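Novice: CSV, N, CA and C atoms, saved as my_file-v1.csv, coming up:
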```
chain,number,residue,atom,x,y,z
A,1,MET,N,-159.4,-20.6,24.3
A,1,MET,CA,-159.8,-21.2,25.6
A,1,MET,C,-158.6,-21.3,26.5
A,2,ALA,N,-158.8,-21.0,27.7
A,2,ALA,CA,-157.8,-21.0,28.7
A,2,ALA,C,-157.5,-22.4,29.2
A,3,GLN,N,-156.3,-22.7,29.4
A,3,GLN,CA,-155.9,-24.0,29.9
A,3,GLN,C,-156.0,-23.9,31.5
A,4,SER,N,-156.5,-24.9,32.1
A,4,SER,CA,-156.5,-24.9,33.6
A,4,SER,C,-155.5,-26.0,34.1
A,5,SER,N,-154.8,-25.6,35.1
A,5,SER,CA,-153.9,-26.5,35.7
A,5,SER,C,-154.5,-27.3,36.8
A,6,LYS,N,-153.9,-28.4,37.2
A,6,LYS,CA,-154.5,-29.2,38.3
A,6,LYS,C,-154.5,-28.5,39.6
A,7,LYS,N,-153.5,-27.7,39.8
A,7,LYS,CA,-153.5,-26.9,41.1
A,7,LYS,C,-154.6,-25.9,41.2
A,8,SER,N,-155.0,-25.3,40.1
A,8,SER,CA,-156.1,-24.3,40.2
A,8,SER,C,-157.4,-25.0,40.3
A,9,GLU,N,-157.5,-26.3,40.0
A,9,GLU,CA,-158.8,-27.0,40.1
A,9,GLU,C,-159.0,-27.6,41.5
A,10,GLY,N,-158.1,-27.4,42.4
A,10,GLY,CA,-158.2,-27.9,43.7
A,10,GLY,C,-157.7,-29.2,44.0
A,11,TYR,N,-156.9,-29.8,43.1
A,11,TYR,CA,-156.3,-31.1,43.3
A,11,TYR,C,-155.2,-31.0,44.4
A,12,SER,N,-155.1,-32.0,45.2
A,12,SER,CA,-154.1,-32.0,46.2
A,12,SER,C,-152.7,-32.3,45.6
A,13,THR,N,-151.7,-31.7,46.2
A,13,THR,CA,-150.3,-31.9,45.8
A,13,THR,C,-149.6,-33.0,46.6
A,14,THR,N,-150.3,-33.5,47.6
A,14,THR,CA,-149.7,-34.5,48.5
A,14,THR,C,-149.6,-35.8,47.8
A,15,LYS,N,-148.6,-36.6,48.1
A,15,LYS,CA,-148.3,-37.8,47.4
A,15,LYS,C,-148.7,-39.1,48.1
A,16,TYR,N,-148.6,-39.0,49.4
A,16,TYR,CA,-148.8,-40.2,50.2
A,16,TYR,C,-149.8,-40.1,51.3
A,17,CYS,N,-150.1,-41.2,52.0
A,17,CYS,CA,-151.1,-41.2,53.1
A,17,CYS,C,-150.5,-41.9,54.3
A,18,CYS,N,-150.7,-41.4,55.5
A,18,CYS,CA,-150.3,-42.1,56.7
A,18,CYS,C,-151.2,-43.3,56.9
A,19,VAL,N,-150.6,-44.5,57.1
A,19,VAL,CA,-151.3,-45.7,57.1
A,19,VAL,C,-152.1,-45.9,58.5
A,20,THR,N,-151.7,-45.1,59.5
A,20,THR,CA,-152.3,-45.2,60.8
A,20,THR,C,-153.5,-44.3,60.9
A,21,CYS,N,-153.4,-43.0,60.5
A,21,CYS,CA,-154.5,-42.1,60.7
A,21,CYS,C,-155.1,-41.6,59.4
A,22,GLY,N,-154.5,-41.8,58.3
A,22,GLY,CA,-155.0,-41.4,57.0
A,22,GLY,C,-154.7,-40.0,56.6
A,23,THR,N,-153.8,-39.3,57.3
A,23,THR,CA,-153.4,-37.9,57.0
A,23,THR,C,-152.5,-37.9,55.8
A,24,ALA,N,-152.7,-36.9,54.9
A,24,ALA,CA,-151.9,-36.8,53.7
A,24,ALA,C,-150.5,-36.2,54.1
A,25,THR,N,-149.5,-36.7,53.4
A,25,THR,CA,-148.2,-36.3,53.6
A,25,THR,C,-147.4,-36.2,52.3
A,26,ASP,N,-146.3,-35.5,52.3
A,26,ASP,CA,-145.5,-35.3,51.1
A,26,ASP,C,-144.5,-36.4,50.8
A,27,GLU,N,-144.0,-37.0,51.9
A,27,GLU,CA,-143.0,-38.0,51.7
A,27,GLU,C,-143.1,-39.1,52.7
A,28,LEU,N,-142.5,-40.3,52.4
A,28,LEU,CA,-142.5,-41.4,53.3
A,28,LEU,C,-141.2,-41.6,54.1
A,29,SER,N,-140.1,-41.2,53.4
A,29,SER,CA,-138.8,-41.4,54.0
A,29,SER,C,-137.8,-40.4,53.4
A,30,HIS,N,-136.7,-40.3,54.1
A,30,HIS,CA,-135.5,-39.5,53.6
A,30,HIS,C,-134.4,-40.5,53.3
A,31,HIS,N,-133.8,-40.3,52.1
A,31,HIS,CA,-132.7,-41.2,51.7
A,31,HIS,C,-131.5,-40.4,51.8
A,32,TYR,N,-130.6,-40.7,52.7
A,32,TYR,CA,-129.4,-40.0,52.9
A,32,TYR,C,-128.2,-40.5,52.1
A,33,LYS,N,-127.7,-41.6,52.4
A,33,LYS,CA,-126.6,-42.3,51.6
A,33,LYS,C,-127.2,-43.6,51.1
A,34,GLU,N,-126.4,-44.2,50.3
A,34,GLU,CA,-126.8,-45.5,49.8
A,34,GLU,C,-127.1,-46.5,50.9
A,35,GLY,N,-128.3,-46.9,51.0
A,35,GLY,CA,-128.7,-47.8,52.1
A,35,GLY,C,-129.2,-47.2,53.4
A,36,VAL,N,-129.1,-45.9,53.5
A,36,VAL,CA,-129.5,-45.2,54.8
A,36,VAL,C,-130.8,-44.5,54.5
A,37,ILE,N,-131.8,-45.0,55.2
A,37,ILE,CA,-133.2,-44.4,55.0
A,37,ILE,C,-133.7,-44.1,56.4
A,38,LYS,N,-134.3,-42.9,56.5
A,38,LYS,CA,-135.0,-42.5,57.7
A,38,LYS,C,-136.5,-42.4,57.4
A,39,ILE,N,-137.3,-43.1,58.2
A,39,ILE,CA,-138.8,-43.1,57.9
A,39,ILE,C,-139.3,-41.8,58.6
A,40,ILE,N,-140.2,-41.1,57.9
A,40,ILE,CA,-140.8,-39.9,58.3
A,40,ILE,C,-142.0,-40.3,59.3
A,41,HIS,N,-142.1,-39.5,60.3
A,41,HIS,CA,-143.2,-39.6,61.3
A,41,HIS,C,-144.4,-38.7,61.0
A,42,CYS,N,-145.6,-39.1,61.2
A,42,CYS,CA,-146.8,-38.3,60.8
A,42,CYS,C,-146.9,-37.1,61.8
A,43,LYS,N,-147.2,-36.0,61.3
A,43,LYS,CA,-147.4,-34.8,62.2
A,43,LYS,C,-148.7,-34.9,63.0
A,44,GLN,N,-149.7,-35.7,62.6
A,44,GLN,CA,-150.9,-35.8,63.3
A,44,GLN,C,-150.9,-36.8,64.4
A,45,CYS,N,-150.4,-38.0,64.1
A,45,CYS,CA,-150.5,-39.1,65.1
A,45,CYS,C,-149.1,-39.5,65.7
A,46,GLN,N,-148.0,-39.0,65.2
A,46,GLN,CA,-146.6,-39.2,65.6
A,46,GLN,C,-146.2,-40.6,65.4
A,47,ASN,N,-146.8,-41.4,64.6
A,47,ASN,CA,-146.4,-42.8,64.2
A,47,ASN,C,-145.7,-42.7,62.8
A,48,PRO,N,-144.9,-43.7,62.5
A,48,PRO,CA,-144.3,-43.7,61.2
A,48,PRO,C,-145.4,-43.7,60.1
A,49,VAL,N,-145.1,-42.9,59.0
A,49,VAL,CA,-146.1,-42.7,58.0
A,49,VAL,C,-146.5,-44.0,57.3
A,50,ASP,N,-145.5,-44.8,57.0
A,50,ASP,CA,-145.7,-46.1,56.3
A,50,ASP,C,-144.6,-47.1,56.7
A,51,PRO,N,-144.8,-47.8,57.8
A,51,PRO,CA,-143.8,-48.7,58.2
A,51,PRO,C,-143.7,-49.9,57.2
A,52,TYR,N,-144.7,-50.1,56.4
A,52,TYR,CA,-144.7,-51.3,55.5
A,52,TYR,C,-143.6,-51.1,54.4
A,53,ILE,N,-143.0,-50.0,54.2
A,53,ILE,CA,-142.0,-49.8,53.1
A,53,ILE,C,-140.7,-50.6,53.5
A,54,GLU,N,-140.6,-50.9,54.8
A,54,GLU,CA,-139.4,-51.7,55.2
A,54,GLU,C,-139.7,-53.2,55.2
A,55,LEU,N,-141.0,-53.6,55.1
A,55,LEU,CA,-141.3,-55.0,55.3
A,55,LEU,C,-141.3,-55.7,53.9
A,56,ASP,N,-141.1,-57.1,54.0
A,56,ASP,CA,-141.2,-57.9,52.8
A,56,ASP,C,-142.6,-57.9,52.3
A,57,ASP,N,-142.7,-58.1,51.0
A,57,ASP,CA,-144.1,-58.1,50.3
A,57,ASP,C,-145.0,-59.2,50.9
A,58,LEU,N,-144.4,-60.3,51.3
A,58,LEU,CA,-145.2,-61.4,51.9
A,58,LEU,C,-145.9,-61.0,53.2
A,59,LEU,N,-145.2,-60.2,54.0
A,59,LEU,CA,-145.8,-59.8,55.3
A,59,LEU,C,-146.9,-58.8,55.0
A,60,VAL,N,-146.7,-57.9,54.0
A,60,VAL,CA,-147.7,-56.9,53.7
A,60,VAL,C,-148.9,-57.7,53.2
A,61,PHE,N,-148.7,-58.7,52.3
A,61,PHE,CA,-149.8,-59.5,51.8
A,61,PHE,C,-150.6,-60.2,52.9
A,62,ILE,N,-149.9,-60.7,53.9
A,62,ILE,CA,-150.6,-61.4,55.0
A,62,ILE,C,-151.4,-60.4,55.8
A,63,ASP,N,-150.9,-59.2,56.1
A,63,ASP,CA,-151.7,-58.2,56.8
A,63,ASP,C,-152.9,-57.8,55.9
A,64,PHE,N,-152.7,-57.7,54.6
A,64,PHE,CA,-153.8,-57.3,53.7
A,64,PHE,C,-154.9,-58.4,53.7
A,65,VAL,N,-154.5,-59.6,53.7
A,65,VAL,CA,-155.5,-60.7,53.7
A,65,VAL,C,-156.2,-60.7,55.1
A,66,LEU,N,-155.5,-60.4,56.1
A,66,LEU,CA,-156.2,-60.3,57.5
A,66,LEU,C,-157.0,-59.1,57.7
A,67,LEU,N,-157.2,-58.3,56.6
A,67,LEU,CA,-158.0,-57.1,56.6
A,67,LEU,C,-157.6,-56.0,57.5
A,68,LYS,N,-156.2,-55.8,57.7
A,68,LYS,CA,-155.7,-54.8,58.5
A,68,LYS,C,-155.8,-53.5,57.7
A,69,LEU,N,-156.4,-52.4,58.3
A,69,LEU,CA,-156.6,-51.2,57.6
A,69,LEU,C,-155.3,-50.5,57.2
A,70,ARG,N,-154.3,-50.7,58.0
A,70,ARG,CA,-153.0,-50.1,57.7
A,70,ARG,C,-152.4,-50.7,56.4
A,71,ALA,N,-152.5,-52.0,56.2
A,71,ALA,CA,-152.0,-52.7,55.0
A,71,ALA,C,-152.8,-52.2,53.8
A,72,HIS,N,-154.1,-52.1,53.9
A,72,HIS,CA,-154.9,-51.6,52.8
A,72,HIS,C,-154.6,-50.2,52.4
A,73,ARG,N,-154.3,-49.3,53.4
A,73,ARG,CA,-153.9,-47.9,53.0
A,73,ARG,C,-152.6,-47.9,52.3
A,74,HIS,N,-151.7,-48.8,52.8
A,74,HIS,CA,-150.4,-48.9,52.1
A,74,HIS,C,-150.5,-49.3,50.7
A,75,VAL,N,-151.3,-50.3,50.4
A,75,VAL,CA,-151.5,-50.9,49.1
A,75,VAL,C,-152.2,-49.9,48.2
A,76,LEU,N,-153.3,-49.3,48.7
A,76,LEU,CA,-154.1,-48.4,47.9
A,76,LEU,C,-153.5,-47.0,47.6
A,77,PHE,N,-152.8,-46.5,48.6
A,77,PHE,CA,-152.4,-45.1,48.5
A,77,PHE,C,-150.9,-44.9,48.3
A,78,ASN,N,-150.0,-45.8,48.8
A,78,ASN,CA,-148.6,-45.6,48.8
A,78,ASN,C,-147.8,-46.5,47.9
A,79,ILE,N,-148.3,-47.7,47.5
A,79,ILE,CA,-147.4,-48.7,46.9
A,79,ILE,C,-147.1,-48.3,45.4
A,80,ASP,N,-148.0,-47.7,44.7
A,80,ASP,CA,-147.7,-47.4,43.3
A,80,ASP,C,-146.7,-46.2,43.2
A,81,LYS,N,-146.5,-45.5,44.3
A,81,LYS,CA,-145.6,-44.4,44.2
A,81,LYS,C,-144.2,-44.7,44.7
A,82,ILE,N,-144.0,-45.9,45.3
A,82,ILE,CA,-142.7,-46.3,45.8
A,82,ILE,C,-141.9,-46.8,44.7
A,83,LYS,N,-140.6,-46.3,44.6
A,83,LYS,CA,-139.7,-46.8,43.5
A,83,LYS,C,-138.9,-48.0,44.0
A,84,TYR,N,-139.1,-49.1,43.3
A,84,TYR,CA,-138.3,-50.3,43.7
A,84,TYR,C,-137.1,-50.3,42.8
A,85,ASN,N,-136.0,-50.7,43.5
A,85,ASN,CA,-134.7,-50.8,42.8
A,85,ASN,C,-134.4,-52.2,42.3
```
Show me, as structure tokens, the structure contained in the file I just sent.
Specialist:
Amino acid sequence: MAQSSKKSEGYSTTKYCCVTCGTATDELSHHYKEGVIKIIHCKQCQNPVDPYIELDDLLVFIDFVLLKLRAHRHVLFNIDKIKYN
């Protein structure tokens, strides 16, 4: 039996989702030096892909409770892939 890879089955290789428009993207930010982070802008809507990565968890939770779509996209698509130090 031949083994099938995820790429050949049509799975997406993108990792993240723009919280504004929902476009898939490969990265959220560039890490240059220790403590220097540049947030990536979406190619579709020209907004930051996920500005919630800079905010405190309490602020994200408040937006989530207020049913803001951007906060829900952050939690559902991006939060499990962010590495916390």
Novice: State, in Å with one decimal place, the distance from atom N of His30 of chain A to atom N of Gln44 of chain A.
Specialist: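 Atom-to-atom, atom N of His30 of chain A to atom N of Gln44 of chain A, that is 16.2 Å.
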Novice: In Å, with one decimal, what is the gap from atom CA of Cys42 of chain A to atom CA of Thr20 of chain A?
Specialist: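 The value is 8.8 Å.
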Novice: Using only C-alpha atoms, determine which residues lie at most 7 Å from Ile40 of chain A, disregarding the query and same-chain residues fewer than 2 positions distant; provide the list as a ChimeraX atom specification.
Specialist: /A:28-29,38,42,48-49
Novice: From segment 31-84 of chain A, collect each residue whose DSSP state is alpha helix (DSSP H) and return the set as a ChimeraX atom specification.
Specialist: /A:57-65,69-73
Novice: Could you tell me which of A:Asn78, A:Leu67, A:Cys18, A:Glu27 comes closest to Ile39 of chain A if we count all atoms listed in the file?
Specialist: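 Looking at the shortest contact to Ile39 of chain A, the residue is A:Glu27.
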Novice: Tell me which protein, DNA and RNA residues are within 8 Å of His72 of chain A, counting only N, CA and C atoms, leaving out same-chain ones fewer than 6 positions away, and put them as a PyMOL selection string.
Specialist: chain A and resi 19+60+63-65+78
Novice: Kindly give the distance, in Å, that separates atom CA of Leu66 of chain A and atom CA of Gly22 of chain A, rounded to a single decimal.
Specialist: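 Computed distance, atom CA of Leu66 of chain A to atom CA of Gly22 of chain A, equals 18.9 Å.
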Novice: Just segment 18-31 of chain A from the block, all heavy atoms, as a PDB file, in the first residue's frame, could you?
Specialist:
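Printed below is selection_27.pdb as written:
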```pdb
ATOM      1  N   CYS A  18      -5.880  35.554   9.139  1.00  0.00           N
ATOM      2  CA  CYS A  18      -6.038  36.981   9.391  1.00  0.00           C
ATOM      3  C   CYS A  18      -7.325  37.175  10.186  1.00  0.00           C
ATOM      4  O   CYS A  18      -8.386  36.691   9.794  1.00  0.00           O
ATOM      5  CB  CYS A  18      -6.108  37.752   8.078  1.00  0.00           C
ATOM      6  SG  CYS A  18      -6.448  39.513   8.284  1.00  0.00           S
ATOM      7  N   VAL A  19      -7.242  37.887  11.313  1.00  0.00           N
ATOM      8  CA  VAL A  19      -8.421  38.041  12.159  1.00  0.00           C
ATOM      9  C   VAL A  19      -9.415  39.046  11.590  1.00  0.00           C
ATOM     10  O   VAL A  19     -10.568  39.066  11.996  1.00  0.00           O
ATOM     11  CB  VAL A  19      -8.037  38.431  13.601  1.00  0.00           C
ATOM     12  CG1 VAL A  19      -7.241  37.325  14.260  1.00  0.00           C
ATOM     13  CG2 VAL A  19      -7.298  39.748  13.650  1.00  0.00           C
ATOM     14  N   THR A  20      -9.003  39.867  10.633  1.00  0.00           N
ATOM     15  CA  THR A  20      -9.894  40.861  10.050  1.00  0.00           C
ATOM     16  C   THR A  20     -10.702  40.291   8.894  1.00  0.00           C
ATOM     17  O   THR A  20     -11.926  40.396   8.871  1.00  0.00           O
ATOM     18  CB  THR A  20      -9.098  42.089   9.571  1.00  0.00           C
ATOM     19  OG1 THR A  20      -8.336  42.596  10.670  1.00  0.00           O
ATOM     20  CG2 THR A  20     -10.018  43.167   9.047  1.00  0.00           C
ATOM     21  N   CYS A  21     -10.026  39.655   7.933  1.00  0.00           N
ATOM     22  CA  CYS A  21     -10.729  39.198   6.730  1.00  0.00           C
ATOM     23  C   CYS A  21     -10.795  37.674   6.605  1.00  0.00           C
ATOM     24  O   CYS A  21     -11.508  37.160   5.759  1.00  0.00           O
ATOM     25  CB  CYS A  21     -10.087  39.786   5.485  1.00  0.00           C
ATOM     26  SG  CYS A  21      -8.415  39.209   5.159  1.00  0.00           S
ATOM     27  N   GLY A  22     -10.040  36.939   7.420  1.00  0.00           N
ATOM     28  CA  GLY A  22     -10.079  35.480   7.377  1.00  0.00           C
ATOM     29  C   GLY A  22      -9.157  34.843   6.364  1.00  0.00           C
ATOM     30  O   GLY A  22      -9.188  33.631   6.177  1.00  0.00           O
ATOM     31  N   THR A  23      -8.310  35.622   5.708  1.00  0.00           N
ATOM     32  CA  THR A  23      -7.374  35.089   4.724  1.00  0.00           C
ATOM     33  C   THR A  23      -6.284  34.267   5.413  1.00  0.00           C
ATOM     34  O   THR A  23      -5.762  34.664   6.445  1.00  0.00           O
ATOM     35  CB  THR A  23      -6.726  36.241   3.934  1.00  0.00           C
ATOM     36  OG1 THR A  23      -7.749  37.020   3.341  1.00  0.00           O
ATOM     37  CG2 THR A  23      -5.789  35.719   2.863  1.00  0.00           C
ATOM     38  N   ALA A  24      -5.938  33.131   4.839  1.00  0.00           N
ATOM     39  CA  ALA A  24      -4.889  32.287   5.395  1.00  0.00           C
ATOM     40  C   ALA A  24      -3.526  32.918   5.138  1.00  0.00           C
ATOM     41  O   ALA A  24      -3.294  33.523   4.094  1.00  0.00           O
ATOM     42  CB  ALA A  24      -4.957  30.902   4.766  1.00  0.00           C
ATOM     43  N   THR A  25      -2.632  32.775   6.086  1.00  0.00           N
ATOM     44  CA  THR A  25      -1.285  33.320   5.964  1.00  0.00           C
ATOM     45  C   THR A  25      -0.290  32.373   6.631  1.00  0.00           C
ATOM     46  O   THR A  25      -0.678  31.530   7.439  1.00  0.00           O
ATOM     47  CB  THR A  25      -1.198  34.730   6.572  1.00  0.00           C
ATOM     48  OG1 THR A  25       0.090  35.272   6.349  1.00  0.00           O
ATOM     49  CG2 THR A  25      -1.508  34.719   8.049  1.00  0.00           C
ATOM     50  N   ASP A  26       0.967  32.520   6.281  1.00  0.00           N
ATOM     51  CA  ASP A  26       1.999  31.621   6.792  1.00  0.00           C
ATOM     52  C   ASP A  26       2.604  32.060   8.119  1.00  0.00           C
ATOM     53  O   ASP A  26       3.159  31.242   8.836  1.00  0.00           O
ATOM     54  CB  ASP A  26       3.126  31.470   5.773  1.00  0.00           C
ATOM     55  CG  ASP A  26       2.678  30.707   4.542  1.00  0.00           C
ATOM     56  OD1 ASP A  26       1.784  29.849   4.672  1.00  0.00           O
ATOM     57  OD2 ASP A  26       3.214  30.974   3.464  1.00  0.00           O
ATOM     58  N   GLU A  27       2.543  33.346   8.426  1.00  0.00           N
ATOM     59  CA  GLU A  27       3.169  33.816   9.656  1.00  0.00           C
ATOM     60  C   GLU A  27       2.422  35.012  10.223  1.00  0.00           C
ATOM     61  O   GLU A  27       1.713  35.717   9.510  1.00  0.00           O
ATOM     62  CB  GLU A  27       4.637  34.160   9.421  1.00  0.00           C
ATOM     63  CG  GLU A  27       4.875  35.199   8.354  1.00  0.00           C
ATOM     64  CD  GLU A  27       6.355  35.408   8.078  1.00  0.00           C
ATOM     65  OE1 GLU A  27       7.189  35.027   8.910  1.00  0.00           O
ATOM     66  OE2 GLU A  27       6.661  35.959   7.025  1.00  0.00           O
ATOM     67  N   LEU A  28       2.611  35.233  11.527  1.00  0.00           N
ATOM     68  CA  LEU A  28       1.979  36.359  12.209  1.00  0.00           C
ATOM     69  C   LEU A  28       2.939  37.514  12.412  1.00  0.00           C
ATOM     70  O   LEU A  28       2.544  38.669  12.393  1.00  0.00           O
ATOM     71  CB  LEU A  28       1.445  35.918  13.577  1.00  0.00           C
ATOM     72  CG  LEU A  28       0.346  34.878  13.583  1.00  0.00           C
ATOM     73  CD1 LEU A  28       0.020  34.471  15.014  1.00  0.00           C
ATOM     74  CD2 LEU A  28      -0.876  35.412  12.892  1.00  0.00           C
ATOM     75  N   SER A  29       4.214  37.188  12.630  1.00  0.00           N
ATOM     76  CA  SER A  29       5.191  38.231  12.920  1.00  0.00           C
ATOM     77  C   SER A  29       6.596  37.751  12.572  1.00  0.00           C
ATOM     78  O   SER A  29       6.845  36.558  12.437  1.00  0.00           O
ATOM     79  CB  SER A  29       5.129  38.606  14.401  1.00  0.00           C
ATOM     80  OG  SER A  29       5.448  37.486  15.194  1.00  0.00           O
ATOM     81  N   HIS A  30       7.497  38.734  12.435  1.00  0.00           N
ATOM     82  CA  HIS A  30       8.932  38.454  12.269  1.00  0.00           C
ATOM     83  C   HIS A  30       9.608  38.756  13.596  1.00  0.00           C
ATOM     84  O   HIS A  30       9.363  39.795  14.202  1.00  0.00           O
ATOM     85  CB  HIS A  30       9.562  39.361  11.213  1.00  0.00           C
ATOM     86  CG  HIS A  30       9.227  39.008   9.814  1.00  0.00           C
ATOM     87  ND1 HIS A  30       9.569  37.810   9.236  1.00  0.00           N
ATOM     88  CD2 HIS A  30       8.585  39.699   8.851  1.00  0.00           C
ATOM     89  CE1 HIS A  30       9.158  37.779   7.992  1.00  0.00           C
ATOM     90  NE2 HIS A  30       8.541  38.925   7.730  1.00  0.00           N
ATOM     91  N   HIS A  31      10.475  37.860  14.042  1.00  0.00           N
ATOM     92  CA  HIS A  31      11.250  38.076  15.258  1.00  0.00           C
ATOM     93  C   HIS A  31      12.675  38.385  14.832  1.00  0.00           C
ATOM     94  O   HIS A  31      13.362  37.518  14.296  1.00  0.00           O
ATOM     95  CB  HIS A  31      11.209  36.834  16.153  1.00  0.00           C
ATOM     96  CG  HIS A  31       9.833  36.521  16.636  1.00  0.00           C
ATOM     97  ND1 HIS A  31       9.315  37.055  17.792  1.00  0.00           N
ATOM     98  CD2 HIS A  31       8.846  35.754  16.115  1.00  0.00           C
ATOM     99  CE1 HIS A  31       8.086  36.619  17.962  1.00  0.00           C
ATOM    100  NE2 HIS A  31       7.774  35.827  16.950  1.00  0.00           N
TER     101      HIS A  31
END
```
